[in-house]
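One structure is given here, and the rest of the page talks about it.
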Amino acid sequence: MSLQAPLRPGTTATGSIRSVDADRSSGSGKAGRGRSNWPVTVVLVLCALSVLVPLYVTLTMAFKTTGQAVDGNAFSLPAPFSVDGFVQAWRLTDFPRAFGVSVFVAAITVVGTILLASFTAYAIARNWDRRLFRWSFFYLLAAMFLPFPVLALSQVKLTGLAHLDNPLGVAILHVMFQLSFSVLLFTAFLRSIPAELEESARIDGASTGQVFWRLVFPLLAPMSATVGIFAFLASWNDFVMPSLITSDPALQTLPVLQQMFQTQFSNNYNVSFASYLMAMAPAIIVYLVTQRWVMAGVTQGAIK
């Protein structure tokens, strides 16, 4: 005679076994979710330190006196706290003028890149079945393999002949060299927008221009922010293009003027780092403010 434990109402022996297996699997799942991936964590920590440590040194050196800056201890905190480096850097670089030139170049680059890239991407995405537009897209992608240093001599000659050896010419070249990557991003994002929305607008009598400006372009806001921040960082931090294109030294951008601290004032580390901090602060602020739109644009553009 076999003995069996009484079963609760509404349960069976197989049901109890399944519940035990489910509890075990759920427990192992929780344990798996709580387990850390140490190799990835170590890599991320090293990547973070590679950015935070130089930033820390820049901050501390910028607020030191000249004597503290040359004592050989770059990681020590400034004592006393001094802003003399910022005052001298402001005067030596004529910071307001150089800042205005950099803002002028960056503004034209951002606006021009967003407008031209969105126009081009919309035409390509909505006419992909036509060979001309499809091959135009491939042509633009091929231009990504031609960076400015490869074409520097020809661009210097052409801008000189067109009297564009000034900040305006630098901004136009930035737009041209940012166009390929920006069109790629916009095209991927436009493919995730249903064409039925445009068809309904056309049924209501909207023209192609009205469809783009009133319907499509507002939907491109996340990707426009992504393209804008990439264009801003590329133009704001660029050294090679303005140094070669701009013929008037009084119209140089901030990155070019930083070169003077590596030649004429190589021992004034506090002045040099103060100037570097003043030049990169706008880029850091812009990225921190817009990084959520950058991530939204990248993720939405990757999902169709």
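Letters A, B, ... mark the chains of the structure tokens in the order given; residue numbers begin at 1 per chain; ligand numbers begin at 1, in order shown.
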Give the alpha helix (DSSP H) residues of range 147-235 of chain A, as assigned by DSSP on the backbone, as a compact mmCIF listing (two decimals) with all heavy atoms, in the first residue's frame.
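Generated file (out23.txt):
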# COMPACT_ATOMS: atom_id res chain seq x y z
N ALA A 152 43.05 69.03 -48.98
CA ALA A 152 43.36 70.34 -48.39
C ALA A 152 43.93 71.31 -49.42
O ALA A 152 43.49 72.47 -49.52
CB ALA A 152 44.33 70.16 -47.22
N LEU A 153 44.91 70.87 -50.22
CA LEU A 153 45.56 71.78 -51.16
C LEU A 153 44.58 72.32 -52.20
O LEU A 153 44.58 73.52 -52.51
CB LEU A 153 46.73 71.07 -51.85
CG LEU A 153 47.91 70.69 -50.94
CD1 LEU A 153 48.96 69.95 -51.74
CD2 LEU A 153 48.50 71.93 -50.28
N SER A 154 43.74 71.44 -52.72
CA SER A 154 42.77 71.90 -53.72
C SER A 154 41.74 72.84 -53.10
O SER A 154 41.34 73.84 -53.73
CB SER A 154 42.06 70.71 -54.36
OG SER A 154 41.37 69.95 -53.38
N GLN A 155 41.32 72.57 -51.88
CA GLN A 155 40.33 73.44 -51.23
C GLN A 155 40.92 74.81 -50.90
O GLN A 155 40.23 75.83 -51.00
CB GLN A 155 39.81 72.77 -49.95
CG GLN A 155 39.09 71.47 -50.18
CD GLN A 155 37.90 71.62 -51.09
OE1 GLN A 155 37.15 72.59 -51.00
NE2 GLN A 155 37.72 70.67 -52.00
N VAL A 156 42.18 74.84 -50.50
CA VAL A 156 42.83 76.12 -50.23
C VAL A 156 42.88 76.96 -51.50
O VAL A 156 42.62 78.18 -51.48
CB VAL A 156 44.24 75.90 -49.65
CG1 VAL A 156 45.02 77.20 -49.58
CG2 VAL A 156 44.15 75.28 -48.26
N LYS A 157 43.23 76.33 -52.63
CA LYS A 157 43.30 77.05 -53.91
C LYS A 157 41.92 77.55 -54.34
O LYS A 157 41.77 78.71 -54.76
CB LYS A 157 43.89 76.12 -54.97
CG LYS A 157 44.08 76.76 -56.33
CD LYS A 157 45.13 77.84 -56.28
CE LYS A 157 45.42 78.39 -57.67
NZ LYS A 157 46.43 79.49 -57.64
N LEU A 158 40.91 76.69 -54.23
CA LEU A 158 39.57 77.07 -54.68
C LEU A 158 38.96 78.18 -53.83
O LEU A 158 38.34 79.10 -54.35
CB LEU A 158 38.66 75.84 -54.69
CG LEU A 158 38.96 74.78 -55.75
CD1 LEU A 158 38.08 73.56 -55.55
CD2 LEU A 158 38.78 75.34 -57.15
N THR A 159 39.11 78.07 -52.51
CA THR A 159 38.56 79.12 -51.64
C THR A 159 39.27 80.45 -51.86
O THR A 159 38.66 81.52 -51.76
CB THR A 159 38.69 78.71 -50.17
OG1 THR A 159 40.04 78.33 -49.89
CG2 THR A 159 37.75 77.57 -49.84
N GLY A 160 40.57 80.41 -52.17
CA GLY A 160 41.27 81.65 -52.47
C GLY A 160 40.78 82.29 -53.76
O GLY A 160 40.58 83.51 -53.83
N LEU A 161 40.53 81.48 -54.79
CA LEU A 161 40.02 82.01 -56.06
C LEU A 161 38.61 82.57 -55.91
O LEU A 161 38.24 83.54 -56.58
CB LEU A 161 40.04 80.92 -57.13
CG LEU A 161 41.43 80.43 -57.58
CD1 LEU A 161 41.29 79.26 -58.54
CD2 LEU A 161 42.21 81.57 -58.22
N PRO A 167 36.15 83.04 -42.45
CA PRO A 167 35.27 82.13 -41.68
C PRO A 167 34.05 81.63 -42.44
O PRO A 167 33.59 80.51 -42.19
CB PRO A 167 34.88 82.99 -40.47
CG PRO A 167 36.03 83.92 -40.28
CD PRO A 167 36.51 84.23 -41.67
N LEU A 168 33.52 82.44 -43.36
CA LEU A 168 32.37 81.97 -44.14
C LEU A 168 32.76 80.79 -45.01
O LEU A 168 32.01 79.80 -45.12
CB LEU A 168 31.83 83.11 -45.00
CG LEU A 168 30.65 82.75 -45.92
CD1 LEU A 168 29.46 82.25 -45.11
CD2 LEU A 168 30.27 83.96 -46.79
N GLY A 169 33.91 80.85 -45.65
CA GLY A 169 34.38 79.73 -46.44
C GLY A 169 34.63 78.48 -45.61
O GLY A 169 34.34 77.36 -46.03
N VAL A 170 35.15 78.69 -44.39
CA VAL A 170 35.35 77.55 -43.48
C VAL A 170 34.02 76.90 -43.14
O VAL A 170 33.89 75.66 -43.13
CB VAL A 170 36.08 78.02 -42.21
CG1 VAL A 170 36.16 76.89 -41.19
CG2 VAL A 170 37.47 78.53 -42.54
N ALA A 171 33.00 77.72 -42.87
CA ALA A 171 31.68 77.17 -42.53
C ALA A 171 31.08 76.41 -43.70
O ALA A 171 30.49 75.33 -43.52
CB ALA A 171 30.75 78.30 -42.10
N ILE A 172 31.23 76.94 -44.92
CA ILE A 172 30.69 76.25 -46.09
C ILE A 172 31.38 74.90 -46.29
O ILE A 172 30.73 73.88 -46.58
CB ILE A 172 30.85 77.13 -47.35
CG1 ILE A 172 29.96 78.36 -47.23
CG2 ILE A 172 30.50 76.35 -48.61
CD1 ILE A 172 30.14 79.37 -48.35
N LEU A 173 32.69 74.86 -46.11
CA LEU A 173 33.41 73.59 -46.24
C LEU A 173 32.99 72.60 -45.16
O LEU A 173 32.89 71.40 -45.41
CB LEU A 173 34.91 73.84 -46.19
CG LEU A 173 35.53 74.49 -47.42
CD1 LEU A 173 37.02 74.70 -47.22
CD2 LEU A 173 35.29 73.65 -48.67
N HIS A 174 32.75 73.09 -43.95
CA HIS A 174 32.28 72.20 -42.89
C HIS A 174 30.94 71.57 -43.26
O HIS A 174 30.71 70.38 -43.02
CB HIS A 174 32.16 72.98 -41.57
CG HIS A 174 33.42 73.04 -40.78
ND1 HIS A 174 34.09 71.89 -40.38
CD2 HIS A 174 34.13 74.08 -40.31
CE1 HIS A 174 35.16 72.25 -39.68
NE2 HIS A 174 35.22 73.57 -39.63
N VAL A 175 30.06 72.38 -43.84
CA VAL A 175 28.75 71.84 -44.26
C VAL A 175 28.94 70.76 -45.31
O VAL A 175 28.32 69.69 -45.25
CB VAL A 175 27.86 72.98 -44.79
CG1 VAL A 175 26.57 72.41 -45.38
CG2 VAL A 175 27.52 73.96 -43.68
N MET A 176 29.81 71.00 -46.27
CA MET A 176 30.03 70.04 -47.33
C MET A 176 30.60 68.72 -46.80
O MET A 176 30.18 67.64 -47.22
CB MET A 176 30.98 70.62 -48.39
CG MET A 176 30.43 71.83 -49.14
SD MET A 176 28.92 71.48 -50.09
CE MET A 176 27.67 72.20 -49.01
N PHE A 177 31.55 68.81 -45.89
CA PHE A 177 32.17 67.59 -45.39
C PHE A 177 31.31 66.88 -44.34
O PHE A 177 31.57 65.72 -44.03
CB PHE A 177 33.55 67.92 -44.81
CG PHE A 177 34.61 68.10 -45.84
CD1 PHE A 177 34.92 69.36 -46.32
CD2 PHE A 177 35.29 67.01 -46.36
CE1 PHE A 177 35.89 69.54 -47.30
CE2 PHE A 177 36.26 67.17 -47.33
CZ PHE A 177 36.57 68.44 -47.81
N GLN A 178 30.31 67.56 -43.79
CA GLN A 178 29.38 66.91 -42.88
C GLN A 178 28.16 66.34 -43.58
O GLN A 178 27.38 65.59 -42.99
CB GLN A 178 28.90 67.92 -41.83
CG GLN A 178 29.92 68.30 -40.78
CD GLN A 178 30.21 67.16 -39.83
OE1 GLN A 178 29.31 66.48 -39.36
NE2 GLN A 178 31.48 66.95 -39.55
N LEU A 179 28.01 66.65 -44.86
CA LEU A 179 26.78 66.30 -45.56
C LEU A 179 26.61 64.79 -45.71
O LEU A 179 25.49 64.27 -45.54
CB LEU A 179 26.78 66.97 -46.94
CG LEU A 179 25.44 67.01 -47.69
CD1 LEU A 179 24.41 67.77 -46.88
CD2 LEU A 179 25.63 67.67 -49.06
N SER A 180 27.66 64.06 -46.01
CA SER A 180 27.54 62.62 -46.28
C SER A 180 27.01 61.87 -45.06
O SER A 180 26.02 61.13 -45.14
CB SER A 180 28.89 62.06 -46.70
OG SER A 180 29.36 62.68 -47.87
N PHE A 181 27.66 62.06 -43.93
CA PHE A 181 27.24 61.35 -42.72
C PHE A 181 25.85 61.78 -42.27
O PHE A 181 25.05 60.96 -41.81
CB PHE A 181 28.27 61.61 -41.62
CG PHE A 181 27.95 60.94 -40.31
CD1 PHE A 181 27.92 59.55 -40.21
CD2 PHE A 181 27.67 61.69 -39.18
CE1 PHE A 181 27.62 58.93 -39.02
CE2 PHE A 181 27.37 61.07 -37.98
CZ PHE A 181 27.35 59.69 -37.89
N SER A 182 25.55 63.06 -42.42
CA SER A 182 24.23 63.56 -42.00
C SER A 182 23.12 63.01 -42.88
O SER A 182 22.04 62.67 -42.38
CB SER A 182 24.23 65.10 -42.04
OG SER A 182 25.25 65.62 -41.20
N VAL A 183 23.36 62.92 -44.18
CA VAL A 183 22.36 62.33 -45.08
C VAL A 183 22.11 60.87 -44.73
O VAL A 183 20.97 60.38 -44.77
CB VAL A 183 22.80 62.49 -46.55
CG1 VAL A 183 21.92 61.64 -47.48
CG2 VAL A 183 22.74 63.95 -46.97
N LEU A 184 23.16 60.16 -44.37
CA LEU A 184 23.01 58.77 -43.95
C LEU A 184 22.10 58.65 -42.74
O LEU A 184 21.20 57.80 -42.69
CB LEU A 184 24.39 58.18 -43.65
CG LEU A 184 24.42 56.76 -43.08
CD1 LEU A 184 23.85 55.76 -44.09
CD2 LEU A 184 25.84 56.37 -42.69
N LEU A 185 22.29 59.52 -41.75
CA LEU A 185 21.45 59.48 -40.55
C LEU A 185 20.01 59.86 -40.87
O LEU A 185 19.07 59.19 -40.42
CB LEU A 185 22.03 60.42 -39.49
CG LEU A 185 23.39 60.06 -38.90
CD1 LEU A 185 23.82 61.11 -37.88
CD2 LEU A 185 23.36 58.69 -38.25
N PHE A 186 19.81 60.91 -41.62
CA PHE A 186 18.46 61.35 -41.95
C PHE A 186 17.72 60.31 -42.79
O PHE A 186 16.52 60.08 -42.61
CB PHE A 186 18.49 62.69 -42.69
CG PHE A 186 18.48 63.89 -41.80
CD1 PHE A 186 19.49 64.84 -41.88
CD2 PHE A 186 17.46 64.09 -40.89
CE1 PHE A 186 19.48 65.95 -41.07
CE2 PHE A 186 17.44 65.20 -40.07
CZ PHE A 186 18.46 66.14 -40.15
N THR A 187 18.42 59.70 -43.73
CA THR A 187 17.77 58.69 -44.58
C THR A 187 17.30 57.51 -43.77
O THR A 187 16.18 57.00 -43.97
CB THR A 187 18.74 58.23 -45.68
OG1 THR A 187 19.19 59.36 -46.44
CG2 THR A 187 18.07 57.23 -46.62
N ALA A 188 18.14 57.03 -42.84
CA ALA A 188 17.73 55.92 -41.99
C ALA A 188 16.52 56.29 -41.13
O ALA A 188 15.63 55.47 -40.90
CB ALA A 188 18.90 55.49 -41.11
N PHE A 189 16.49 57.53 -40.65
CA PHE A 189 15.36 57.96 -39.83
C PHE A 189 14.09 58.12 -40.65
O PHE A 189 12.99 57.77 -40.19
CB PHE A 189 15.72 59.28 -39.14
CG PHE A 189 14.75 59.70 -38.07
CD1 PHE A 189 14.91 59.25 -36.77
CD2 PHE A 189 13.68 60.51 -38.36
CE1 PHE A 189 14.02 59.63 -35.78
CE2 PHE A 189 12.78 60.89 -37.39
CZ PHE A 189 12.96 60.45 -36.08
N LEU A 190 14.19 58.63 -41.87
CA LEU A 190 13.01 58.84 -42.70
C LEU A 190 12.34 57.53 -43.08
O LEU A 190 11.12 57.49 -43.30
CB LEU A 190 13.40 59.61 -43.95
CG LEU A 190 13.56 61.12 -43.79
CD1 LEU A 190 14.27 61.73 -44.99
CD2 LEU A 190 12.19 61.77 -43.60
N ALA A 195 4.86 56.32 -44.82
CA ALA A 195 4.53 57.14 -45.99
C ALA A 195 3.04 57.49 -46.03
O ALA A 195 2.64 58.43 -46.73
CB ALA A 195 4.92 56.41 -47.28
N GLU A 196 2.20 56.74 -45.28
CA GLU A 196 0.77 57.02 -45.28
C GLU A 196 0.46 58.41 -44.72
O GLU A 196 -0.55 59.03 -45.09
CB GLU A 196 0.02 55.96 -44.47
CG GLU A 196 -0.03 54.59 -45.12
CD GLU A 196 1.28 53.83 -44.99
OE1 GLU A 196 2.17 54.33 -44.26
OE2 GLU A 196 1.41 52.75 -45.60
N LEU A 197 1.31 58.90 -43.79
CA LEU A 197 1.10 60.24 -43.25
C LEU A 197 1.20 61.29 -44.34
O LEU A 197 0.40 62.23 -44.39
CB LEU A 197 2.13 60.52 -42.14
CG LEU A 197 2.04 59.65 -40.89
CD1 LEU A 197 3.18 59.98 -39.94
CD2 LEU A 197 0.70 59.85 -40.18
N GLU A 198 2.17 61.14 -45.22
CA GLU A 198 2.34 62.10 -46.30
C GLU A 198 1.22 61.95 -47.33
O GLU A 198 0.75 62.96 -47.90
CB GLU A 198 3.70 61.90 -46.96
CG GLU A 198 4.87 62.04 -45.99
CD GLU A 198 6.20 61.73 -46.65
OE1 GLU A 198 6.34 62.02 -47.86
OE2 GLU A 198 7.08 61.20 -45.96
N GLU A 199 0.80 60.73 -47.58
CA GLU A 199 -0.28 60.53 -48.55
C GLU A 199 -1.57 61.18 -48.08
O GLU A 199 -2.30 61.77 -48.89
CB GLU A 199 -0.48 59.04 -48.78
CG GLU A 199 0.70 58.35 -49.46
CD GLU A 199 0.52 56.86 -49.57
OE1 GLU A 199 -0.54 56.37 -49.09
OE2 GLU A 199 1.40 56.17 -50.12
N SER A 200 -1.85 61.09 -46.80
CA SER A 200 -3.07 61.73 -46.29
C SER A 200 -2.98 63.25 -46.41
O SER A 200 -3.99 63.92 -46.70
CB SER A 200 -3.29 61.33 -44.82
OG SER A 200 -2.19 61.78 -44.02
N ALA A 201 -1.79 63.81 -46.21
CA ALA A 201 -1.63 65.25 -46.36
C ALA A 201 -1.79 65.67 -47.82
O ALA A 201 -2.36 66.72 -48.13
CB ALA A 201 -0.27 65.69 -45.82
N ARG A 202 -1.28 64.86 -48.73
CA ARG A 202 -1.43 65.18 -50.15
C ARG A 202 -2.89 65.09 -50.60
O ARG A 202 -3.32 65.84 -51.47
CB ARG A 202 -0.56 64.24 -50.98
CG ARG A 202 0.93 64.43 -50.77
CD ARG A 202 1.75 63.49 -51.65
NE ARG A 202 3.15 63.56 -51.34
CZ ARG A 202 4.00 64.49 -51.78
NH1 ARG A 202 3.53 65.46 -52.58
NH2 ARG A 202 5.27 64.48 -51.46
N ILE A 203 -3.64 64.16 -50.02
CA ILE A 203 -5.07 64.06 -50.35
C ILE A 203 -5.80 65.33 -49.95
O ILE A 203 -6.73 65.79 -50.63
CB ILE A 203 -5.68 62.82 -49.66
CG1 ILE A 203 -5.10 61.54 -50.28
CG2 ILE A 203 -7.19 62.84 -49.77
CD1 ILE A 203 -5.55 60.28 -49.59
N THR A 208 4.36 69.33 -52.07
CA THR A 208 5.53 68.64 -51.54
C THR A 208 6.25 69.49 -50.49
O THR A 208 6.68 68.99 -49.45
CB THR A 208 6.50 68.30 -52.68
OG1 THR A 208 5.83 67.48 -53.64
CG2 THR A 208 7.72 67.55 -52.15
N GLY A 209 6.37 70.78 -50.75
CA GLY A 209 7.00 71.67 -49.78
C GLY A 209 6.23 71.75 -48.48
O GLY A 209 6.80 71.75 -47.39
N GLN A 210 4.90 71.83 -48.57
CA GLN A 210 4.07 71.88 -47.37
C GLN A 210 4.14 70.58 -46.58
O GLN A 210 4.17 70.59 -45.35
CB GLN A 210 2.62 72.20 -47.75
CG GLN A 210 2.42 73.60 -48.28
CD GLN A 210 1.01 73.83 -48.79
OE1 GLN A 210 0.32 72.89 -49.19
NE2 GLN A 210 0.57 75.08 -48.79
N VAL A 211 4.18 69.46 -47.30
CA VAL A 211 4.31 68.18 -46.61
C VAL A 211 5.61 68.12 -45.84
O VAL A 211 5.66 67.65 -44.69
CB VAL A 211 4.20 67.02 -47.63
CG1 VAL A 211 4.60 65.70 -46.99
CG2 VAL A 211 2.80 66.94 -48.20
N PHE A 217 9.43 67.57 -41.48
CA PHE A 217 10.52 68.23 -40.77
C PHE A 217 10.30 68.27 -39.25
O PHE A 217 11.26 68.05 -38.49
CB PHE A 217 10.74 69.63 -41.33
CG PHE A 217 12.02 70.27 -40.85
CD1 PHE A 217 13.25 69.84 -41.34
CD2 PHE A 217 12.00 71.28 -39.92
CE1 PHE A 217 14.43 70.41 -40.91
CE2 PHE A 217 13.17 71.87 -39.48
CZ PHE A 217 14.39 71.43 -39.97
N PRO A 218 9.08 68.55 -38.74
CA PRO A 218 8.90 68.46 -37.29
C PRO A 218 9.15 67.07 -36.74
O PRO A 218 9.63 66.92 -35.60
CB PRO A 218 7.44 68.89 -37.09
CG PRO A 218 7.13 69.75 -38.26
CD PRO A 218 7.89 69.14 -39.40
N LEU A 219 8.83 66.02 -37.52
CA LEU A 219 9.09 64.66 -37.06
C LEU A 219 10.58 64.33 -37.04
O LEU A 219 11.00 63.38 -36.38
CB LEU A 219 8.36 63.65 -37.96
CG LEU A 219 6.83 63.72 -37.93
CD1 LEU A 219 6.25 62.74 -38.94
CD2 LEU A 219 6.30 63.42 -36.53
N ALA A 221 12.84 66.11 -35.67
CA ALA A 221 13.48 66.87 -34.60
C ALA A 221 14.54 66.06 -33.84
O ALA A 221 15.64 66.57 -33.59
CB ALA A 221 12.41 67.40 -33.63
N PRO A 222 14.28 64.81 -33.43
CA PRO A 222 15.34 64.06 -32.73
C PRO A 222 16.59 63.87 -33.57
O PRO A 222 17.72 64.04 -33.08
CB PRO A 222 14.67 62.72 -32.39
CG PRO A 222 13.21 62.99 -32.42
CD PRO A 222 13.02 64.03 -33.47
N MET A 223 16.42 63.52 -34.84
CA MET A 223 17.58 63.33 -35.70
C MET A 223 18.24 64.66 -36.04
O MET A 223 19.47 64.72 -36.22
CB MET A 223 17.19 62.59 -36.97
CG MET A 223 18.37 62.21 -37.84
SD MET A 223 19.64 61.29 -36.95
CE MET A 223 18.78 59.76 -36.60
N SER A 224 17.47 65.73 -36.14
CA SER A 224 18.07 67.05 -36.36
C SER A 224 18.97 67.44 -35.19
O SER A 224 20.04 68.03 -35.40
CB SER A 224 16.97 68.10 -36.56
OG SER A 224 16.20 67.82 -37.72
N ALA A 225 18.55 67.12 -33.98
CA ALA A 225 19.40 67.38 -32.83
C ALA A 225 20.68 66.57 -32.89
O ALA A 225 21.77 67.06 -32.56
CB ALA A 225 18.65 67.09 -31.53
N THR A 226 20.57 65.32 -33.31
CA THR A 226 21.76 64.47 -33.44
C THR A 226 22.72 65.02 -34.48
O THR A 226 23.92 65.16 -34.23
CB THR A 226 21.34 63.04 -33.82
OG1 THR A 226 20.43 62.55 -32.85
CG2 THR A 226 22.54 62.13 -33.89
N VAL A 227 22.20 65.35 -35.66
CA VAL A 227 23.04 65.90 -36.72
C VAL A 227 23.63 67.24 -36.29
O VAL A 227 24.81 67.54 -36.56
CB VAL A 227 22.22 66.06 -38.02
CG1 VAL A 227 22.98 66.86 -39.06
CG2 VAL A 227 21.85 64.69 -38.56
N GLY A 228 22.84 68.05 -35.60
CA GLY A 228 23.32 69.35 -35.17
C GLY A 228 24.47 69.27 -34.20
O GLY A 228 25.44 70.02 -34.31
N ILE A 229 24.39 68.36 -33.23
CA ILE A 229 25.46 68.27 -32.25
C ILE A 229 26.73 67.72 -32.87
O ILE A 229 27.84 68.16 -32.56
CB ILE A 229 25.03 67.41 -31.04
CG1 ILE A 229 26.07 67.47 -29.92
CG2 ILE A 229 24.77 65.98 -31.44
CD1 ILE A 229 26.34 68.84 -29.38
N PHE A 230 26.60 66.77 -33.80
CA PHE A 230 27.79 66.28 -34.50
C PHE A 230 28.44 67.38 -35.34
O PHE A 230 29.67 67.52 -35.37
CB PHE A 230 27.44 65.09 -35.39
CG PHE A 230 27.30 63.79 -34.64
CD1 PHE A 230 26.20 62.97 -34.85
CD2 PHE A 230 28.25 63.40 -33.72
CE1 PHE A 230 26.06 61.78 -34.15
CE2 PHE A 230 28.12 62.20 -33.03
CZ PHE A 230 27.02 61.39 -33.24
N ALA A 231 27.62 68.16 -36.03
CA ALA A 231 28.15 69.26 -36.84
C ALA A 231 28.79 70.33 -35.96
O ALA A 231 29.84 70.89 -36.31
CB ALA A 231 27.04 69.86 -37.69
N PHE A 232 28.17 70.61 -34.82
CA PHE A 232 28.73 71.62 -33.92
C PHE A 232 30.08 71.19 -33.37
O PHE A 232 31.04 71.98 -33.38
CB PHE A 232 27.76 71.86 -32.76
CG PHE A 232 28.30 72.80 -31.71
CD1 PHE A 232 28.24 74.16 -31.89
CD2 PHE A 232 28.89 72.29 -30.56
CE1 PHE A 232 28.76 75.03 -30.93
CE2 PHE A 232 29.39 73.13 -29.59
CZ PHE A 232 29.33 74.51 -29.77
N LEU A 233 30.18 69.96 -32.91
CA LEU A 233 31.45 69.48 -32.35
C LEU A 233 32.54 69.45 -33.42
O LEU A 233 33.70 69.78 -33.15
CB LEU A 233 31.26 68.10 -31.75
CG LEU A 233 30.37 68.02 -30.50
CD1 LEU A 233 30.19 66.58 -30.05
CD2 LEU A 233 30.95 68.86 -29.37
N ALA A 234 32.18 69.03 -34.64
CA ALA A 234 33.17 68.97 -35.71
C ALA A 234 33.70 70.36 -36.07
O ALA A 234 34.91 70.52 -36.30
CB ALA A 234 32.57 68.30 -36.94
N SER A 235 32.83 71.36 -36.12
CA SER A 235 33.26 72.70 -36.49
C SER A 235 33.94 73.41 -35.33
O SER A 235 34.92 74.14 -35.53
CB SER A 235 32.06 73.52 -36.97
OG SER A 235 31.10 73.67 -35.94
Legend entry - Polymer residues at most 8 Å from range 88-97 of chain A, only C-alpha atoms, same-chain spacing of 5 or more positions, as a list in words: Leu254, Leu257, Gln258, Val271, Ser272, Ala274 and Ser275 of chain A
Legend entry - Counting only C-alpha atoms, the residue of A:Ala283, A:Pro149, A:Thr109, A:Asn268 that sits nearest Thr66 in chain A: A:Asn268
Inset, instruction - Between CA of Val110 in chain A and CA of Asp248 in chain A, measure the distance and give it in Å to one decimal. - result: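 Rounded to one decimal, the two atoms are 23.3 Å apart.
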Legend entry - CA of Ser102 in chain A to CA of Gln252 in chain A, straight-line distance in Å: 8.0 Å
